[in-house]
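Listing of model12.tsv, TSV, C-alpha atoms
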chain	number	residue	atom	x	y	z
A	1	MET	CA	-3.74	-6.95	-19.24
A	2	SER	CA	-2.63	-4.55	-16.50
A	3	HIS	CA	-3.05	-5.65	-12.90
A	4	LEU	CA	-4.54	-2.28	-11.86
A	5	GLU	CA	-5.70	0.47	-14.19
A	6	VAL	CA	-6.75	3.93	-13.04
A	7	LYS	CA	-8.61	6.05	-15.58
A	8	ASN	CA	-9.24	9.80	-15.20
A	9	LEU	CA	-9.64	9.52	-11.44
A	10	SER	CA	-10.83	12.77	-9.87
A	11	LYS	CA	-11.93	13.85	-6.39
A	12	ARG	CA	-13.07	17.16	-4.99
A	13	PHE	CA	-13.49	18.18	-1.34
A	14	GLY	CA	-15.61	21.31	-1.15
A	15	GLY	CA	-13.79	23.84	-3.30
A	16	VAL	CA	-10.51	21.93	-3.36
A	17	GLN	CA	-9.56	19.59	-6.20
A	18	ALA	CA	-7.79	16.74	-4.36
A	19	LEU	CA	-7.22	14.63	-7.49
A	20	SER	CA	-7.55	15.69	-11.10
A	21	GLU	CA	-7.72	13.30	-14.08
A	22	VAL	CA	-5.14	10.82	-12.76
A	23	ASN	CA	-4.24	7.97	-15.13
A	24	PHE	CA	-1.78	5.11	-14.66
A	25	THR	CA	-1.41	1.33	-14.71
A	26	ILE	CA	0.38	-1.21	-12.51
A	27	GLU	CA	1.67	-4.44	-13.99
A	28	GLU	CA	1.39	-7.74	-12.14
A	29	GLY	CA	4.36	-8.34	-9.83
A	30	GLU	CA	5.57	-4.74	-10.07
A	31	ILE	CA	6.75	-2.58	-7.18
A	32	LEU	CA	5.40	0.89	-7.92
A	33	GLY	CA	6.24	3.86	-5.73
A	34	LEU	CA	4.04	6.91	-5.18
A	35	ILE	CA	5.61	10.14	-3.97
A	36	GLY	CA	4.67	13.80	-3.69
A	37	PRO	CA	4.69	16.72	-1.26
A	38	ASN	CA	2.34	16.74	1.72
A	39	GLY	CA	-1.22	17.28	0.54
A	40	ALA	CA	-0.47	16.08	-3.00
A	41	GLY	CA	-3.36	13.57	-2.93
A	42	LYS	CA	-1.47	10.33	-2.34
A	43	THR	CA	-3.61	8.91	0.46
A	44	THR	CA	-6.75	10.18	-1.27
A	45	LEU	CA	-5.76	8.08	-4.27
A	46	PHE	CA	-5.22	5.02	-2.07
A	47	ASN	CA	-8.58	5.56	-0.40
A	48	MET	CA	-10.36	5.67	-3.74
A	49	VAL	CA	-8.67	2.50	-5.01
A	50	ALA	CA	-9.45	0.69	-1.75
A	51	GLY	CA	-13.09	1.78	-1.67
A	52	THR	CA	-12.92	3.89	1.49
A	53	LEU	CA	-13.61	7.08	-0.47
A	54	PRO	CA	-16.16	7.42	-3.30
A	55	VAL	CA	-14.96	8.39	-6.76
A	56	ASP	CA	-16.29	11.66	-8.20
A	57	ARG	CA	-15.19	10.86	-11.73
A	58	GLY	CA	-13.15	8.15	-13.41
A	59	GLU	CA	-12.76	4.40	-13.08
A	60	VAL	CA	-10.59	1.81	-11.33
A	61	LEU	CA	-10.09	-1.61	-12.94
A	62	PHE	CA	-8.48	-4.56	-11.17
A	63	MET	CA	-7.48	-7.56	-13.28
A	64	GLY	CA	-9.65	-6.16	-16.04
A	65	GLU	CA	-12.80	-5.86	-13.90
A	66	PRO	CA	-14.27	-2.56	-12.63
A	67	ILE	CA	-14.10	-2.08	-8.85
A	68	THR	CA	-15.21	1.55	-8.76
A	69	GLY	CA	-17.96	1.96	-6.18
A	70	LEU	CA	-17.29	-1.28	-4.31
A	71	LEU	CA	-17.16	-1.15	-0.51
A	72	PRO	CA	-13.79	-1.73	1.22
A	73	HIS	CA	-14.55	-5.33	2.21
A	74	GLN	CA	-15.63	-6.09	-1.35
A	75	VAL	CA	-12.40	-4.62	-2.73
A	76	CYS	CA	-10.44	-6.69	-0.20
A	77	ARG	CA	-12.20	-9.88	-1.27
A	78	ARG	CA	-11.28	-9.11	-4.88
A	79	GLY	CA	-7.64	-9.23	-3.77
A	80	ILE	CA	-6.55	-5.72	-2.72
A	81	ALA	CA	-5.29	-5.11	0.83
A	82	ARG	CA	-3.85	-1.98	2.42
A	83	THR	CA	-2.14	-0.45	5.41
A	84	PHE	CA	-2.75	3.03	6.86
A	85	GLN	CA	-0.54	5.93	7.96
A	86	ILE	CA	-2.32	5.80	11.33
A	87	THR	CA	-2.67	2.15	12.25
A	88	ARG	CA	-6.16	0.63	12.50
A	89	ILE	CA	-5.47	-2.66	14.24
A	90	PHE	CA	-7.86	-4.46	16.60
A	91	ALA	CA	-6.28	-3.09	19.77
A	92	GLU	CA	-8.14	-5.36	22.22
A	93	MET	CA	-7.15	-8.54	20.38
A	94	SER	CA	-3.84	-10.36	20.44
A	95	VAL	CA	-1.47	-10.17	17.49
A	96	LEU	CA	-2.45	-13.70	16.49
A	97	GLU	CA	-6.17	-12.93	16.76
A	98	ASN	CA	-5.72	-9.89	14.48
A	99	LEU	CA	-4.35	-12.17	11.77
A	100	LEU	CA	-6.93	-14.90	12.28
A	101	VAL	CA	-9.79	-12.42	11.92
A	102	ALA	CA	-8.24	-11.12	8.70
A	103	GLN	CA	-8.42	-14.60	7.19
A	104	ILE	CA	-12.16	-15.08	7.71
A	105	GLY	CA	-13.01	-13.92	4.21
A	106	ASN	CA	-10.17	-15.58	2.34
A	107	ARG	CA	-10.86	-19.30	2.70
A	108	GLN	CA	-11.57	-19.60	-1.02
A	109	LYS	CA	-8.14	-18.10	-1.74
A	110	ARG	CA	-6.27	-20.53	0.54
A	111	PRO	CA	-8.62	-23.53	0.99
A	112	GLN	CA	-5.85	-25.95	2.00
A	113	ALA	CA	-4.02	-23.62	4.38
A	114	ASP	CA	-4.23	-23.83	8.15
A	115	PRO	CA	-5.17	-20.30	9.36
A	116	GLU	CA	-3.06	-20.42	12.52
A	117	GLU	CA	0.01	-21.77	10.71
A	118	PHE	CA	-0.29	-19.04	8.08
A	119	ALA	CA	-0.72	-16.38	10.79
A	120	LEU	CA	2.38	-17.59	12.64
A	121	GLU	CA	4.35	-17.59	9.38
A	122	LEU	CA	3.41	-13.95	8.82
A	123	ILE	CA	4.21	-13.05	12.42
A	124	GLU	CA	7.74	-14.41	12.00
A	125	LEU	CA	8.15	-12.79	8.60
A	126	THR	CA	7.24	-9.32	9.87
A	127	GLY	CA	9.48	-9.48	12.95
A	128	LEU	CA	6.77	-10.11	15.54
A	129	GLY	CA	7.97	-13.54	16.64
A	130	GLY	CA	7.35	-14.10	20.34
A	131	LYS	CA	4.64	-11.44	20.47
A	132	GLU	CA	1.77	-13.43	18.98
A	133	PHE	CA	-0.17	-13.54	22.26
A	134	MET	CA	0.45	-9.92	23.24
A	135	GLN	CA	-2.47	-7.50	23.14
A	136	ALA	CA	-1.97	-5.51	19.94
A	137	GLY	CA	-2.87	-2.21	21.56
A	138	GLN	CA	0.01	-2.56	24.02
A	139	LEU	CA	2.67	-2.73	21.30
A	140	ASN	CA	4.87	0.20	20.29
A	141	LEU	CA	4.17	2.08	17.05
A	142	ILE	CA	6.63	0.09	14.94
A	143	ASP	CA	5.19	-3.24	16.06
A	144	LYS	CA	1.65	-1.97	15.48
A	145	LYS	CA	2.66	-1.18	11.90
A	146	ARG	CA	4.04	-4.70	11.61
A	147	VAL	CA	0.74	-6.12	12.83
A	148	GLU	CA	-1.14	-4.08	10.26
A	149	LEU	CA	1.19	-5.24	7.50
A	150	ALA	CA	0.88	-8.88	8.59
A	151	ARG	CA	-2.90	-8.53	8.84
A	152	ALA	CA	-3.07	-7.14	5.30
A	153	LEU	CA	-1.00	-10.10	4.07
A	154	ALA	CA	-3.31	-12.48	5.95
A	155	THR	CA	-6.12	-11.57	3.55
A	156	ALA	CA	-4.04	-13.25	0.78
A	157	PRO	CA	-4.01	-10.20	-1.51
A	158	ARG	CA	-2.79	-10.01	-5.09
A	159	LEU	CA	-2.14	-6.27	-4.72
A	160	ILE	CA	-1.09	-4.53	-1.50
A	161	LEU	CA	-1.22	-0.77	-0.88
A	162	LEU	CA	1.41	0.33	1.64
A	163	ASP	CA	0.91	3.81	3.11
A	164	GLU	CA	4.23	4.95	4.66
A	165	VAL	CA	4.95	1.53	6.11
A	166	LEU	CA	8.57	2.56	6.84
A	167	GLY	CA	7.54	5.64	8.82
A	168	GLY	CA	9.04	5.69	12.31
A	169	LEU	CA	11.90	3.31	11.53
A	170	ASN	CA	15.39	4.44	12.48
A	171	THR	CA	18.26	4.59	10.00
A	172	SER	CA	19.45	1.06	10.71
A	173	GLU	CA	15.93	-0.41	10.42
A	174	ILE	CA	15.05	1.13	7.04
A	175	PRO	CA	17.14	-1.31	4.92
A	176	GLU	CA	15.46	-4.22	6.74
A	177	GLY	CA	12.05	-2.71	5.95
A	178	VAL	CA	12.98	-2.30	2.29
A	179	GLU	CA	14.15	-5.90	2.11
A	180	LEU	CA	10.92	-7.08	3.78
A	181	ILE	CA	8.85	-5.40	1.06
A	182	ARG	CA	10.95	-7.09	-1.61
A	183	THR	CA	10.57	-10.45	0.19
A	184	ILE	CA	6.79	-10.03	0.40
A	185	ARG	CA	6.59	-9.41	-3.36
A	186	ASP	CA	8.82	-12.36	-4.20
A	187	ARG	CA	7.52	-14.94	-1.71
A	188	PHE	CA	3.81	-14.32	-2.15
A	189	HIS	CA	3.89	-13.01	-5.76
A	190	ILE	CA	2.12	-9.82	-4.67
A	191	THR	CA	2.05	-6.59	-6.62
A	192	VAL	CA	3.15	-3.66	-4.42
A	193	PHE	CA	1.94	-0.05	-4.64
A	194	TRP	CA	3.41	2.09	-1.90
A	195	ILE	CA	3.57	5.65	-0.62
A	196	GLU	CA	6.78	6.65	1.13
A	197	HIS	CA	8.51	9.87	2.20
A	198	ILE	CA	11.89	8.18	2.65
A	199	MET	CA	13.19	8.97	-0.81
A	200	GLY	CA	16.28	6.76	-0.65
A	201	ALA	CA	14.16	3.71	0.16
A	202	ILE	CA	11.45	4.20	-2.44
A	203	MET	CA	13.92	5.09	-5.18
A	204	ARG	CA	16.08	2.07	-4.40
A	205	LEU	CA	13.29	-0.51	-4.40
A	206	SER	CA	10.65	0.74	-6.84
A	207	GLU	CA	10.79	-0.29	-10.48
A	208	ARG	CA	8.71	2.74	-11.41
A	209	VAL	CA	7.69	5.86	-9.51
A	210	LEU	CA	4.63	8.09	-9.84
A	211	VAL	CA	4.73	11.69	-8.63
A	212	LEU	CA	1.64	13.60	-7.55
A	213	ASP	CA	1.58	17.35	-6.93
A	214	GLN	CA	-1.60	19.25	-6.04
A	215	GLY	CA	-3.72	16.33	-7.20
A	216	ARG	CA	-2.09	15.96	-10.60
A	217	LEU	CA	0.24	13.29	-11.89
A	218	ILE	CA	3.31	15.30	-12.93
A	219	SER	CA	5.87	12.56	-13.58
A	220	GLU	CA	6.09	8.81	-14.10
A	221	GLY	CA	8.91	6.42	-14.92
A	222	PRO	CA	12.05	4.73	-13.59
A	223	PRO	CA	13.43	6.26	-10.37
A	224	GLU	CA	16.51	7.74	-12.05
A	225	LYS	CA	14.36	9.52	-14.65
A	226	VAL	CA	11.83	10.82	-12.14
A	227	SER	CA	14.52	12.12	-9.76
A	228	ARG	CA	15.92	14.32	-12.56
A	229	ASP	CA	12.56	15.65	-13.74
A	230	PRO	CA	12.52	19.48	-13.28
A	231	GLN	CA	8.82	19.37	-12.33
A	232	VAL	CA	9.57	16.94	-9.52
A	233	VAL	CA	12.48	19.02	-8.25
A	234	GLU	CA	10.30	22.13	-8.28
A	235	ALA	CA	7.44	20.37	-6.48
A	236	TYR	CA	9.72	19.31	-3.62
A	237	LEU	CA	12.18	22.22	-3.43
A	238	GLY	CA	10.31	25.18	-4.88
A	239	GLU	CA	10.92	27.15	-8.03
A	240	GLN	CA	14.01	28.97	-6.70
A	241	ASN	CA	15.85	25.69	-6.12
A	242	ALA	CA	14.60	23.88	-9.23

Using the file provided, produce a representation of the structure as structure tokens.
Amino acid sequence: MSHLEVKNLSKRFGGVQALSEVNFTIEEGEILGLIGPNGAGKTTLFNMVAGTLPVDRGEVLFMGEPITGLLPHQVCRRGIARTFQITRIFAEMSVLENLLVAQIGNRQKRPQADPEEFALELIELTGLGGKEFMQAGQLNLIDKKRVELARALATAPRLILLDEVLGGLNTSEIPEGVELIRTIRDRFHITVFWIEHIMGAIMRLSERVLVLDQGRLISEGPPEKVSRDPQVVEAYLGEQNA
């Protein structure tokens, strides 16, 4: 049984087809990358899986059960967490408080765990050690992204959706970010589905890659296969350079 299965997912905004008949599966424990030009429909797809955007047509199954039409908090309680391109942390709370709030709905998932100990573990893991009592809204952009990632992990997900989590990192920080994603998958046995524009990072870490262009899934497979696909080259570079 696939961990996540997307069937014929479609979404239209006014006269624009944002997603059209998208089909794919994610296996448990997999790191699956999602790439595509700006406006390809990547975040729209994430929003529909996470319940923040209604589905026009199609179905989303998680662990064999339909989640289409569930509200975001219901999807989260099923075991799917996410981050956002533009962070949505609780700015007036401390870093620690952000992670404690995130655990309110997951006591059944971790009944023996101490919430504060788990929060502090995630703070260290994501590079926020020493900042647990700082007001989250006062942090720089990179640290705010770390808070959002740690907060998503605090919900004890089985699948995490990462939306450009490496964005804003400098060249020396990107390998650390890639290794952190791998560590998260391995330590917590979490399936990872992530959008990223840093091609070197997503191709290096992902076991498979999906490519969206103008709302359609145009390629799928191992990174080396996808990177040689003429449709992918054309989508990114244009027909003259394909």

Please identify all polymer residues within 10 Å of Phe188 (chain A), counting only C-alpha atoms, omitting same-chain residues fewer than 4 positions from it, and present them as a PDB file with C-alpha atoms, in the coordinates of the input.
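result.pdb, freshly written:
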ATOM      1  CA  GLY A  29       4.360  -8.340  -9.830  1.00  0.00           C
ATOM      2  CA  LEU A 153      -1.000 -10.100   4.070  1.00  0.00           C
ATOM      3  CA  ALA A 156      -4.040 -13.250   0.780  1.00  0.00           C
ATOM      4  CA  PRO A 157      -4.010 -10.200  -1.510  1.00  0.00           C
ATOM      5  CA  ARG A 158      -2.790 -10.010  -5.090  1.00  0.00           C
ATOM      6  CA  THR A 183      10.570 -10.450   0.190  1.00  0.00           C
ATOM      7  CA  ILE A 184       6.790 -10.030   0.400  1.00  0.00           C
TER       8      ILE A 184
END

As a check of understanding: the span from CA of Ala18 (chain A) to CA of Val75 (chain A) is 21.9 Å

For region 3-60 of chain A versus region 215-221 of chain A, which residues have an atom no more than 7 Å away, and what is each residue's nearest atom pair and distance in Å rounded to one decimal, using all atoms listed in the file, chain-then-number order, as a tab-separated table?
residue	atom	partner	partner_atom	distance
A:Gln17	CA	A:Gly215	CA	6.8
A:Ala18	CA	A:Gly215	CA	5.0
A:Leu19	CA	A:Gly215	CA	3.9
A:Ser20	CA	A:Arg216	CA	5.5
A:Val22	CA	A:Leu217	CA	6.0
A:Ala40	CA	A:Gly215	CA	5.3
A:Gly41	CA	A:Gly215	CA	5.1

- Message: When you look at Leu32 (chain A) with a cut-off of 10 Å (counting only C-alpha atoms), what residues show up, excluding the ones that are within fewer than 2 positions of it in the same chain? I need them as a PyMOL selection string.
- Response: chain A and resi 25-27+29-30+34+161+191-195+202-203+205-210+221-223

Please produce an output containing C-alpha atoms for each residue in the selection, written as a CSV table (one decimal), in the frame of the given file.
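After the write, out_32.csv holds the following:
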chain,number,residue,atom,x,y,z
A,25,THR,CA,-1.4,1.3,-14.7
A,26,ILE,CA,0.4,-1.2,-12.5
A,27,GLU,CA,1.7,-4.4,-14.0
A,29,GLY,CA,4.4,-8.3,-9.8
A,30,GLU,CA,5.6,-4.7,-10.1
A,34,LEU,CA,4.0,6.9,-5.2
A,161,LEU,CA,-1.2,-0.8,-0.9
A,191,THR,CA,2.0,-6.6,-6.6
A,192,VAL,CA,3.2,-3.7,-4.4
A,193,PHE,CA,1.9,0.0,-4.6
A,194,TRP,CA,3.4,2.1,-1.9
A,195,ILE,CA,3.6,5.6,-0.6
A,202,ILE,CA,11.4,4.2,-2.4
A,203,MET,CA,13.9,5.1,-5.2
A,205,LEU,CA,13.3,-0.5,-4.4
A,206,SER,CA,10.6,0.7,-6.8
A,207,GLU,CA,10.8,-0.3,-10.5
A,208,ARG,CA,8.7,2.7,-11.4
A,209,VAL,CA,7.7,5.9,-9.5
A,210,LEU,CA,4.6,8.1,-9.8
A,221,GLY,CA,8.9,6.4,-14.9
A,222,PRO,CA,12.0,4.7,-13.6
A,223,PRO,CA,13.4,6.3,-10.4

I'd like the neighbourhood of region 132-149 of chain A as an NGL selection string, where a residue qualifies if any of its atoms comes within 12 Å (using all atoms listed in the file), though same-chain residues fewer than 5 positions away should be ignored.
:A and (81-100 or 102 or 116-117 or 119-127 or 154-157 or 160-170 or 173-174 or 177 or 180-181 or 184)
